[in-house]
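Beneath this line is the structure, given in structure tokens, with notes to follow.
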Amino acid sequence: MTLHVGIDVGGTFTDAVALDDGHAYTAKAFSTRDVTTGILKALEVLRGRLGRSESEFVPEIDRFVLGNTIVTNAVDEQKYAPVALLTTAGFRDTLRIARSARTDERNPHAMTSPPDVVERRRIVEVPERIDAQGSVLLELTDEAVGIAVESALSTGAESVAVCLLWSFRNSAHEEAIARYLDEHHPDVPYTLSSRLTPVYREYERMVTTTLDAAVKPLVTEHFRELDAQLKKAGLQAPVQIMQVHGGFLSIEETSKAPISMFNSGPVGGVTGARLLGEQLGRSRILTADMGGTSLDAAAIMDGEFRVLPRAEVGGMPTSLTAVDIETIGAGGGSLAWVDGRGLMRVGPHSAGSVPGPACYGSGGDHPAVTDAALALGLINPEYYLAGTVPLYPELSRDAIASHVATPLGLDVDEAAQGIYRLASSQMSNALRKITVNRGHDPREFTLVGFGGATGLFAAALAKEAGVSEIVIPRNAAVFSAYGLMHADSVYSAVRTSPWTMGMDAEALESEFSQLEDHAEAWFTSENIPTQRRELTREADMKFVGQIFEVTTTLPPGPFTEADKAELHRRFVEDYESEFGTGTAWTEAELLLVNSRVRAVGHSEIQSTQSLSSVVDQRNDAATFTRTILEPHGDRVEADVYRDFSAIGSAQGPCLLEEPDTTIYVPSGASVEMTPQGHFLIRLGAKA
């Protein structure tokens with residue numbers, strides 16, 4: 001017997017999925033501020049679905065995977081632990097100088113400075129200097145280390161970030177600071193840039209190091225509580241945490257670099273969508289993950305999702321390698337309001353799970369997107385989450401009237417349509433950014449929509465973005481949690497090691513060999529068997545004189561002189577894939593900046609489970625009609641299905657009411673059940 005559990009903690013709901021000998025069971029619970037309580041509530045619901053006793057359920061779990069929002073929430077809300085930064089004398093203001101506050105905003109009066117992660121009074125200069133070759137120009141004395149550390153901690157800092165100039169070439173001075181902290185302040189968490197991100201670009205390295213140190217106390221406290229509660233419940237399996245790069249690490253490894261947990265939940269959904277695309281025979285996939293607070297979108301081409309080598313976190317560039325996910329602050333809980341110009345707005349503020357949309361009846365008096373959908377008749381107030389959460393339509397209409405309709409001189413129906421359409425338009429921008437803005441034709445893609453709210457909006461998003469085919473997974477409401485269980489364990493070892501084609505191949509091979517040693521040590525520490533191990537060599541490269549790099553995969557095996565031509569060909573191909581055919585300056589010299597080894601421990605579950613193994617837990621199958629107001633049309637009678645598998649296909653307008661989500665198929669569109677049990681929507685001209 002095998003029992004695998006995946007948990008995805010969202011801003012409104014905590015989703016859980018259990019795979020029990022090939023059968024899937026799902027559960028939802030409201031997320032909580034402390035995260036752990038929401039996880040335990042979701043596990044309790046899951047236990048009831050499986051019919052297990054308290055004494056047997058958790059101890060039987062042999063794989064436990066988690067997508068966590070604690071780091072994402074801290075970054076989004078800019079609520080960090082007090083952190084101190086130690087840096088080379090003369091470079092105290094690197095974080096504030098940043099990239100001269102250059103953003104996408106072209107109006108200089110509208111530009112804003114990067115958010116403050118560390119207060120300036122907590123930035124301490126250290127008298128030391130190492131040059132670009134790693135040679136020591138000014139020795140760091142033990143006395144200077146003590147003065148700097150004590151000065152930083154006297155400001156009330158709870159953690160320490162250490163980012164010294166050129167430390168990735170010579171880490172001796174950063175390690176000296178680490179030894180002092182270990183000896184004199186063993187309870188103070190710290191992050192060294194030379195350990196976390198030993199690559200060039202001082203600003204990105206400093207941002208990454210500071211963010212990591214700023215969230216470490218929060219994560220440590222959370223993990224301590226989570227570990228204690230899960231052990232108390234009898235969990236014996238190790239907890240695996242999804243990372244920003246698309247793979248798992250253990251709690252122990254994640255604790256060393258918690259910033260890598262940023263956006264870990266949405267990554268699970270992208271992983272699941274990739275596998276679903278393979279199952280359905282679709283090579284180009286757009287994902288739309290709409291929950292209570294945001295919509296996350298990603299593109300999958302030829303079975304691979306895009307990975308960014310310099311991911312942006314909290315509006316700041318970092319040196320993290322991350323799955324490319326475009327996020328827009330619009331979800332089911334996003335609040336609708338009227339600004340000072342008399343214009344309707346949706347988001348970015350969210351009602352969250354507490355107090356939630358007005359229709360929850362929990363004290364929220366401002367209308368959310370969910371309230372608009374309820375007012376239009378798209379949501380059945382008696383069947384929300386299979387009837388476990390009652391909704392109050394009159395509260396939705398009152399909130400819409402007070403805060404949107406009356407100020408704009410509209411009736412409630414018009415205002416509800418406007419909220420729905422504005423939210424859809426905003427969310428479709430995320431799809432355009434990852435298609436049209438990057439030179440891809442959205443008509444070539446299939447949209448995979450998941451998350452509890454996406455089914456209500458998928459058709460509108462696709463229509464505005466130019467996509468004509470939509471797939472809603474049968475387990476859409478908990479799809480990210482399901483996807484988490486299909487991801488691999490991933491570790492990345494990287495180092496800045498400048499190399500050009502004119503240099504010996506042996507020098508580059510030496511760099512990769514050392515990185516592979518680190519990767520093999522990680523395989524051993526994670527107990528990953530040899531047959532499930534995979535190593536890939538990557539290089540961040542550019543033409544000499546350019547600013548940013550393109551990541552290229554190296555030929556397999558030891559790198560020799562004979563491989564130089566192939567490496568050049570691959571880089572030019574990757575460069576033109578990114579920037580367009582003919583853009584490569586092939587006569588220019590190439591510069592390899594960073595060497596990277598990506599270690600993958602493949603998950604066994606991918607070969608034993610499929611996305612079609614969802615157990616239908618309903619006993620209330622029915623077909624009836626309901627009057628709805630279409631967001632882009634008139635009031636119509638819509639067929640409502642709760643056992644669509646018995647129907648197989650239908651024309652819009654209709655609603656598919658699943659226990660944990662509702663799918664809206666507009667007039668002019670059609671829906672059918674795929675052989676794998678998912679919902680396939682095709683849009684017509686009137687959709």
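Residues are named by chain letter and number: chains run A, B, ... in the order of the structure tokens, numbers start at 1 in each chain, and ligands are numbered from 1 in the order shown.
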
Q | Who sits within 7 Å of region 8-18 of chain A, only C-alpha atoms, same chain under 3 positions skipped, as number ranges by chain | A | A: 3-5, 24-31, 38-39, 42-43, 46, 66-69, 265, 292-293, 352-353, 478, 480-482

(Q) At a cut-off of 7 Å, using only C-alpha atoms, what residues contact Gly466 (chain A)? Leave out same-chain residues fewer than 3 positions from it and give the result as a PyMOL selection string. (A) chain A and resi 442-443+462-463

(Q) Can you pull out the residues contacting region 665-681 of chain A? Cut-off 7 Å, using only C-alpha atoms, and skip same-chain residues under 5 positions away; I want them as a list in words. (A)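 The neighbour list is Ala459, Glu469, Ile470, Val471, Ile472, Pro473, Arg474, Ser612, Ser645, Gly648, Ser649, Ala650, Gln651, Gly652, Pro653, Cys654, Leu655, Lys686 and Ala687 of chain A.
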
Which residues of region 386-427 of chain A sit at most 9 Å from region 328-335 of chain A, using only C-alpha atoms? Give each one's shortest atom pair and distance in Å (one decimal place), in chain and ascending residue order, as a Markdown table.
```
| residue | atom | partner | partner_atom | distance |
| --- | --- | --- | --- | --- |
| A:Ala423 | CA | A:Ala330 | CA | 6.5 |
| A:Ser424 | CA | A:Ala330 | CA | 8.7 |
| A:Gln426 | CA | A:Ala330 | CA | 7.4 |
| A:Met427 | CA | A:Ile328 | CA | 6.5 |
```

Take the residues from that selection and write them out as a PDB file, in the first residue's frame, keeping C-alpha atoms.
```
ATOM      1  CA  ALA A 423     -11.191  41.087 -13.921  1.00  0.00           C
ATOM      2  CA  SER A 424     -11.094  38.865 -17.020  1.00  0.00           C
ATOM      3  CA  GLN A 426      -6.746  42.137 -16.399  1.00  0.00           C
ATOM      4  CA  MET A 427      -6.025  38.440 -16.076  1.00  0.00           C
TER       5      MET A 427
END
```

(Q) Could you pull out the strand (DSSP E or B) residues of region 439-607 of chain A, going by DSSP on the backbone, and write them as a PyMOL selection string? (A) chain A and resi 446-450+469-472+489-500+533-543+550-553+590-601

Q. Do you have the CA of Arg99 (chain A)-CA of Thr210 (chain A) distance handy?
A.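 Taking CA of Arg99 (chain A) as the start and CA of Thr210 (chain A) as the end point, the length is 16.5 Å.
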